[in-house]
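Have a look at work-v5.txt below; it lists compact mmCIF, C-alpha atoms and all ligand atoms.
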```
# COMPACT_ATOMS: atom_id res chain seq x y z
CA PRO A 1 -20.54 1.31 -4.78
CA ASP A 2 -18.09 4.04 -5.72
CA LEU A 3 -14.54 4.18 -4.37
CA GLU A 4 -15.65 5.94 -1.20
CA GLY A 5 -18.39 3.37 -0.61
CA LEU A 6 -15.91 0.57 -1.17
CA CYS A 7 -13.58 1.98 1.49
CA ALA A 8 -16.48 2.34 3.94
CA ARG A 9 -17.61 -1.24 3.41
CA GLN A 10 -14.09 -2.57 3.74
CA SER A 11 -13.53 -0.71 7.00
CA VAL A 12 -15.92 -3.04 8.83
CA CYS A 13 -14.69 -6.33 7.29
CA ARG A 14 -14.19 -9.21 9.77
CA ALA A 15 -13.43 -12.04 7.36
CA CYS A 16 -10.11 -13.16 8.91
CA ASP A 17 -10.48 -14.41 12.49
CA ARG A 18 -6.76 -14.30 13.29
CA LEU A 19 -6.28 -10.74 11.99
CA VAL A 20 -9.44 -9.38 13.58
CA GLU A 21 -8.31 -10.77 16.93
CA TRP A 22 -4.80 -9.32 16.50
CA ARG A 23 -5.77 -5.85 15.26
CA GLU A 24 -8.25 -5.45 18.12
CA ARG A 25 -5.94 -6.86 20.79
CA VAL A 26 -3.15 -4.48 19.75
CA ALA A 27 -5.63 -1.60 19.84
CA VAL A 28 -6.56 -2.41 23.44
CA GLN A 29 -3.08 -3.23 24.76
CA ARG A 30 -1.33 -0.37 22.91
CA ARG A 31 2.35 0.50 23.01
CA ARG A 32 3.44 2.54 26.01
CA ALA A 33 4.42 5.53 23.85
CA PHE A 34 0.87 5.67 22.51
CA ALA A 35 -0.95 4.71 25.70
CA ASP A 36 -3.16 7.82 25.66
CA GLU A 37 -4.15 7.43 22.01
CA ARG A 38 -7.22 5.73 20.67
CA TYR A 39 -6.13 3.11 18.10
CA TRP A 40 -8.05 2.65 14.87
CA GLY A 41 -7.94 -1.17 15.19
CA ARG A 42 -9.80 -1.86 11.94
CA PRO A 43 -9.01 -2.49 8.26
CA ILE A 44 -7.04 0.25 6.52
CA ALA A 45 -8.62 1.62 3.36
CA GLY A 46 -6.73 2.85 0.33
CA TRP A 47 -5.82 6.51 0.62
CA GLY A 48 -4.89 9.37 -1.71
CA ASP A 49 -6.20 10.69 -5.00
CA ALA A 50 -9.45 9.19 -6.29
CA ASP A 51 -8.04 9.49 -9.85
CA PRO A 52 -4.36 8.69 -9.29
CA ARG A 53 -1.72 8.35 -11.98
CA ILE A 54 0.41 6.25 -9.61
CA LEU A 55 -0.85 3.43 -7.41
CA ILE A 56 1.53 2.38 -4.61
CA VAL A 57 0.86 -1.07 -3.19
CA GLY A 58 2.22 -2.14 0.19
CA LEU A 59 2.10 -5.27 2.31
CA ALA A 60 -0.22 -4.62 5.27
CA PRO A 61 -0.66 -1.99 7.99
CA ALA A 62 1.79 -1.96 10.89
CA ALA A 63 0.32 -2.85 14.28
CA HIS A 64 1.29 0.49 15.86
CA GLY A 65 1.40 2.46 12.58
CA GLY A 66 -1.61 2.27 10.28
CA ASN A 67 -3.51 0.12 12.77
CA ARG A 68 -3.10 2.98 15.25
CA THR A 69 -3.56 6.05 13.07
CA GLY A 70 -6.10 4.64 10.58
CA ARG A 71 -4.05 5.68 7.54
CA ILE A 72 -1.66 3.48 5.62
CA PHE A 73 2.08 4.04 6.26
CA THR A 74 1.21 6.76 8.77
CA GLY A 75 2.93 6.87 12.15
CA ASP A 76 5.58 4.20 11.54
CA ARG A 77 9.22 4.01 10.49
CA SER A 78 8.50 2.61 7.02
CA GLY A 79 6.24 5.56 6.40
CA ASP A 80 8.96 7.99 7.52
CA TRP A 81 11.18 6.75 4.69
CA LEU A 82 8.39 6.41 2.17
CA PHE A 83 6.85 9.86 2.64
CA ALA A 84 10.22 11.58 2.75
CA SER A 85 10.97 10.10 -0.67
CA LEU A 86 7.53 10.91 -2.08
CA TYR A 87 7.95 14.49 -0.89
CA ARG A 88 11.41 14.79 -2.47
CA VAL A 89 10.06 13.72 -5.87
CA GLY A 90 6.88 15.81 -5.63
CA LEU A 91 4.30 13.10 -4.96
CA ALA A 92 3.46 14.15 -1.38
CA ALA A 93 2.69 17.58 0.04
CA GLN A 94 4.69 17.07 3.26
CA PRO A 95 7.82 15.05 4.14
CA THR A 96 6.17 13.23 7.05
CA SER A 97 2.94 11.40 7.75
CA VAL A 98 2.22 11.10 11.44
CA ARG A 99 -1.54 11.34 11.98
CA ALA A 100 -4.63 11.02 9.82
CA ASP A 101 -5.37 14.73 10.40
CA ASP A 102 -1.84 16.09 9.81
CA GLY A 103 -2.65 17.75 6.48
CA GLN A 104 -0.57 15.32 4.45
CA ARG A 105 -1.76 14.86 0.88
CA LEU A 106 -0.64 12.64 -1.97
CA ILE A 107 -0.19 14.38 -5.31
CA GLY A 108 -1.35 12.26 -8.25
CA ALA A 109 -0.88 9.10 -6.23
CA ARG A 110 -2.81 6.62 -4.11
CA MET A 111 -1.69 3.95 -1.64
CA ALA A 112 -3.31 0.63 -0.87
CA ALA A 113 -2.34 -2.47 1.09
CA THR A 114 -2.45 -6.02 -0.21
CA VAL A 115 -3.79 -7.18 3.16
CA ARG A 116 -5.77 -4.53 5.00
CA CYS A 117 -5.51 -5.61 8.61
CA ALA A 118 -2.31 -5.63 10.65
CA PRO A 119 -0.90 -9.17 10.83
CA PRO A 120 1.23 -10.58 13.68
CA ASP A 121 4.95 -10.21 12.81
CA ASN A 122 3.89 -8.41 9.60
CA LYS A 123 3.27 -11.83 8.08
CA PRO A 124 -0.16 -12.55 6.64
CA THR A 125 -0.89 -16.14 5.59
CA PRO A 126 -1.64 -17.07 1.97
CA GLN A 127 -5.26 -17.64 3.04
CA GLU A 128 -5.49 -14.13 4.50
CA ARG A 129 -4.03 -12.65 1.32
CA ALA A 130 -6.61 -14.54 -0.71
CA ALA A 131 -9.43 -13.41 1.58
CA CYS A 132 -8.42 -9.77 1.20
CA LEU A 133 -7.86 -9.93 -2.56
CA PRO A 134 -11.38 -8.75 -3.52
CA TRP A 135 -10.86 -5.43 -1.72
CA LEU A 136 -7.63 -4.72 -3.57
CA ALA A 137 -9.05 -5.95 -6.88
CA ARG A 138 -12.07 -3.66 -6.64
CA GLU A 139 -9.92 -0.70 -5.72
CA VAL A 140 -7.54 -1.43 -8.61
CA GLY A 141 -10.58 -1.59 -10.90
CA PHE A 142 -11.95 1.75 -9.70
CA VAL A 143 -8.70 3.62 -10.30
CA ALA A 144 -7.71 1.82 -13.55
CA PRO A 145 -8.97 4.62 -15.84
CA SER A 146 -6.36 7.05 -14.50
CA VAL A 147 -3.49 4.80 -13.36
CA ARG A 148 -0.33 4.90 -15.49
CA CYS A 149 2.09 3.26 -13.08
CA VAL A 150 1.85 0.69 -10.25
CA VAL A 151 4.67 0.64 -7.68
CA CYS A 152 4.91 -2.52 -5.54
CA LEU A 153 6.74 -2.17 -2.22
CA GLY A 154 8.30 -5.56 -1.58
CA GLY A 155 7.91 -9.03 -2.99
CA PHE A 156 4.69 -9.76 -1.11
CA ALA A 157 2.94 -6.81 -2.76
CA TRP A 158 4.48 -7.76 -6.12
CA GLN A 159 3.00 -11.27 -5.85
CA GLY A 160 -0.25 -10.11 -4.30
CA VAL A 161 -1.11 -7.51 -6.90
CA TRP A 162 -1.06 -9.89 -9.91
CA PRO A 163 -4.43 -11.54 -9.18
CA ALA A 164 -5.95 -8.13 -8.37
CA LEU A 165 -4.73 -6.74 -11.71
CA ARG A 166 -6.05 -9.80 -13.53
CA GLU A 167 -9.48 -9.46 -11.88
CA ALA A 168 -9.52 -5.77 -12.85
CA GLY A 169 -8.99 -6.76 -16.51
CA TYR A 170 -5.29 -6.01 -17.07
CA GLY A 171 -3.38 -8.09 -19.61
CA LEU A 172 -0.45 -9.68 -17.76
CA PRO A 173 2.80 -11.20 -19.03
CA ARG A 174 3.45 -14.94 -18.81
CA PRO A 175 5.47 -16.10 -17.02
CA ARG A 176 5.21 -13.46 -14.33
CA PRO A 177 8.50 -11.51 -14.06
CA ALA A 178 10.45 -11.89 -10.81
CA PHE A 179 10.43 -9.16 -8.20
CA GLY A 180 13.49 -6.97 -7.77
CA HIS A 181 14.31 -3.39 -6.91
CA GLY A 182 13.80 -1.39 -10.08
CA ALA A 183 12.14 -4.33 -11.90
CA GLU A 184 9.83 -3.07 -14.66
CA VAL A 185 6.90 -4.77 -16.39
CA GLU A 186 4.55 -3.38 -18.99
CA LEU A 187 0.88 -4.22 -18.47
CA GLU A 188 -1.91 -4.02 -21.00
CA PRO A 189 -4.68 -1.76 -19.63
CA PRO A 190 -8.18 -3.24 -19.12
CA PRO A 191 -10.35 -3.14 -22.27
CA SER A 192 -12.62 -0.56 -20.62
CA VAL A 193 -9.78 1.97 -20.35
CA ALA A 194 -9.59 4.40 -23.25
CA ARG A 195 -5.80 4.96 -23.17
CA ARG A 196 -4.10 1.95 -24.73
CA ASP A 197 -0.42 2.68 -24.01
CA PRO A 198 1.12 0.26 -21.45
CA VAL A 199 0.81 0.71 -17.71
CA LEU A 200 4.21 0.40 -16.05
CA MET A 201 4.60 -1.83 -12.99
CA LEU A 202 7.69 -1.14 -10.88
CA GLY A 203 9.30 -3.15 -8.10
CA CYS A 204 10.75 -1.36 -5.09
CA TYR A 205 12.31 -2.83 -1.97
CA HIS A 206 10.04 -2.25 1.02
CA PRO A 207 11.29 0.62 3.23
CA SER A 208 10.97 -1.61 6.32
CA GLN A 209 13.33 -1.03 9.23
CA GLN A 210 15.03 -4.32 8.39
CA ASN A 211 15.87 -2.99 4.92
CA THR A 212 16.69 0.59 5.84
CA PHE A 213 18.86 -0.33 8.87
CA THR A 214 20.93 -2.77 6.83
CA GLY A 215 21.31 -0.42 3.85
CA ARG A 216 19.50 -2.84 1.56
CA VAL A 217 17.36 0.11 0.59
CA THR A 218 18.60 3.70 0.67
CA GLU A 219 16.99 7.11 0.17
CA ALA A 220 18.55 7.30 -3.29
CA MET A 221 17.11 3.89 -4.25
CA LEU A 222 13.61 4.94 -3.23
CA ASP A 223 13.97 8.27 -5.02
CA ASP A 224 15.09 6.49 -8.21
CA VAL A 225 11.96 4.32 -8.31
CA PHE A 226 9.54 7.14 -7.53
CA THR A 227 11.23 9.48 -9.99
CA ARG A 228 10.83 6.81 -12.65
CA ALA A 229 7.15 6.37 -11.67
CA ARG A 230 6.51 10.12 -11.69
CA ASP A 231 8.18 10.66 -15.05
CA TYR A 232 6.40 7.74 -16.69
CA ALA A 233 3.00 8.62 -15.24
FE1 LIG B 1 -11.20 -8.31 5.83
FE2 LIG B 1 -8.88 -8.04 4.54
FE3 LIG B 1 -9.00 -7.54 7.16
FE4 LIG B 1 -9.21 -10.06 6.26
S1 LIG B 1 -7.40 -8.71 6.11
S2 LIG B 1 -10.51 -9.07 7.84
S3 LIG B 1 -10.34 -9.74 4.31
S4 LIG B 1 -10.06 -6.39 5.52
```

Render the structure in this file as structure tokens.
Ligand code: SF4
Amino acid sequence: PDLEGLCARQSVCRACDRLVEWRERVAVQRRRAFADERYWGRPIAGWGDADPRILIVGLAPAAHGGNRTGRIFTGDRSGDWLFASLYRVGLAAQPTSVRADDGQRLIGARMAATVRCAPPDNKPTPQERAACLPWLAREVGFVAPSVRCVVCLGGFAWQGVWPALREAGYGLPRPRPAFGHGAEVELEPPPSVARRDPVLMLGCYHPSQQNTFTGRVTEAMLDDVFTRARDYA
């Protein structure tokens, strides 16, 4: 299939019993503030440009964010920080992302989750990450011809994207560099990609509430990483 077909097939995946049960239970029980909304309650596809220069990889959808709205980082606090930064550096058309039909648009960028169903406590198991790997790997493969920079939000995405990049044909460094905010790694593009200059992989602390409340990640820190990504790409 093409990228669109891949997203459609993924949207009905039921491979992980625990996550299917959780995503659907959350969608029925709902949070009081969203009691009159219909939750998506299914896997969250990648979203953004079909030929992106920047691929942003996150952990997994939030139970009442992406699992509610059907779009990654949309309708949750992490997304508030992320989209505000993307807007400031010119990678998003609007500073907020609240609903799938809000007119938001990524500019030269695409987002995808390492695990595509909302996990309890935002913690997928290693088995769930492995089960979801083929979806990320195929998406990474589809966008490889245009991607110049991969931004990983958090250590889980940093670890989770390596096998997807390897499956997509990227040449990876050994040993794998450690995750850190602002960490940079050069990747060799897949042999099928005409451009041979390195693809830049960047680490960025996840804009989770835990990190933003404590000041571990600030607006300036996010802007630095996305400015670097934009300028490189
Ligand atoms: Fe399928 Fe991934 Fe969701 Fe597991 S987490 S059910 S593999 S889409």

Excluding region 135-141 of chain A and its own-chain neighbours fewer than 4 positions away, which residues fall within 9 Å of it when counting all atoms listed in the file? Please give them as a list in words. Leu3, Leu6, Cys7, Gln10, Ala45, Gly46, Leu55, Ala112, Ala113, Thr114, Val115, Arg116, Ala131, Pro145, Val147, Val161, Pro163, Ala164, Leu165, Arg166, Glu167, Ala168, Gly169 and Pro190 of chain A

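Closest to ligand LIG 1 (chain B) among A:Met201, A:Ala8, A:Val185, A:Cys117 is A:Cys117, based on only C-alpha atoms and all ligand atoms.
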
Quick one: residues within 9 Å of ligand LIG 1 (chain B), with all atoms listed in the file, as number ranges by chain? A: 10-20, 23, 42-45, 60, 114-119, 124, 128-136

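Picture a line from CA of Leu82 (chain A) to CA of Pro173 (chain A); it runs 28.1 Å.
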
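Here CA of Arg9 (chain A) and CA of Gly41 (chain A) stand 15.2 Å from one another.
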
Contacts of Pro189 (chain A) within 9 Å, only C-alpha atoms, excl. fewer than 4 positions in-chain, as a ChimeraX atom specification: /A:144-145,148,169-171,193-199

Go ahead and compute the interatomic distance for CA of Trp158 (chain A) and CA of Ala178 (chain A), in Å to one decimal. 8.6 Å

Judged by only C-alpha atoms, the minimum distance to Lys123 (chain A) among A:Val98, A:Leu91, A:Ala63, A:Phe213 is found for A:Ala63

Would you list the contacts of Gly154 (chain A) as a tab-separated table (two decimals) with C-alpha atoms, in the coordinates of the input, taking every protein, DNA or RNA residue within 12 Å and counting all atoms listed in the file, but skipping same-chain residues closer than 6 positions in sequence?
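Final output, part.tsv:
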```
chain	number	residue	atom	x	y	z
A	56	ILE	CA	1.53	2.38	-4.61
A	57	VAL	CA	0.86	-1.07	-3.19
A	58	GLY	CA	2.22	-2.14	0.19
A	59	LEU	CA	2.10	-5.27	2.31
A	60	ALA	CA	-0.22	-4.62	5.27
A	78	SER	CA	8.50	2.61	7.02
A	113	ALA	CA	-2.34	-2.47	1.09
A	114	THR	CA	-2.45	-6.02	-0.21
A	160	GLY	CA	-0.25	-10.11	-4.30
A	161	VAL	CA	-1.11	-7.51	-6.90
A	178	ALA	CA	10.45	-11.89	-10.81
A	179	PHE	CA	10.43	-9.16	-8.20
A	180	GLY	CA	13.49	-6.97	-7.77
A	181	HIS	CA	14.31	-3.39	-6.91
A	182	GLY	CA	13.80	-1.39	-10.08
A	183	ALA	CA	12.14	-4.33	-11.90
A	202	LEU	CA	7.69	-1.14	-10.88
A	203	GLY	CA	9.30	-3.15	-8.10
A	204	CYS	CA	10.75	-1.36	-5.09
A	205	TYR	CA	12.31	-2.83	-1.97
A	206	HIS	CA	10.04	-2.25	1.02
A	207	PRO	CA	11.29	0.62	3.23
A	208	SER	CA	10.97	-1.61	6.32
A	211	ASN	CA	15.87	-2.99	4.92
A	216	ARG	CA	19.50	-2.84	1.56
A	217	VAL	CA	17.36	0.11	0.59
A	222	LEU	CA	13.61	4.94	-3.23
```

Counting only C-alpha atoms, which residue out of A:Asp223, A:Asp231, A:Glu37, A:Glu21 sits closest to His64 (chain A)? A:Glu37

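Among the candidate residues A:Val143, A:Gly66, A:Pro61, A:Ile107, the one lying nearest to Arg88 (chain A) is A:Ile107, with distances computed using all atoms listed in the file.
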
Go through A:Arg68, A:Pro95, A:Ile54, A:Leu200 one by one, measure the shortest atom-to-atom distance of each to Trp81 (chain A) using only C-alpha atoms, and give the residue with the smallest value. A:Pro95
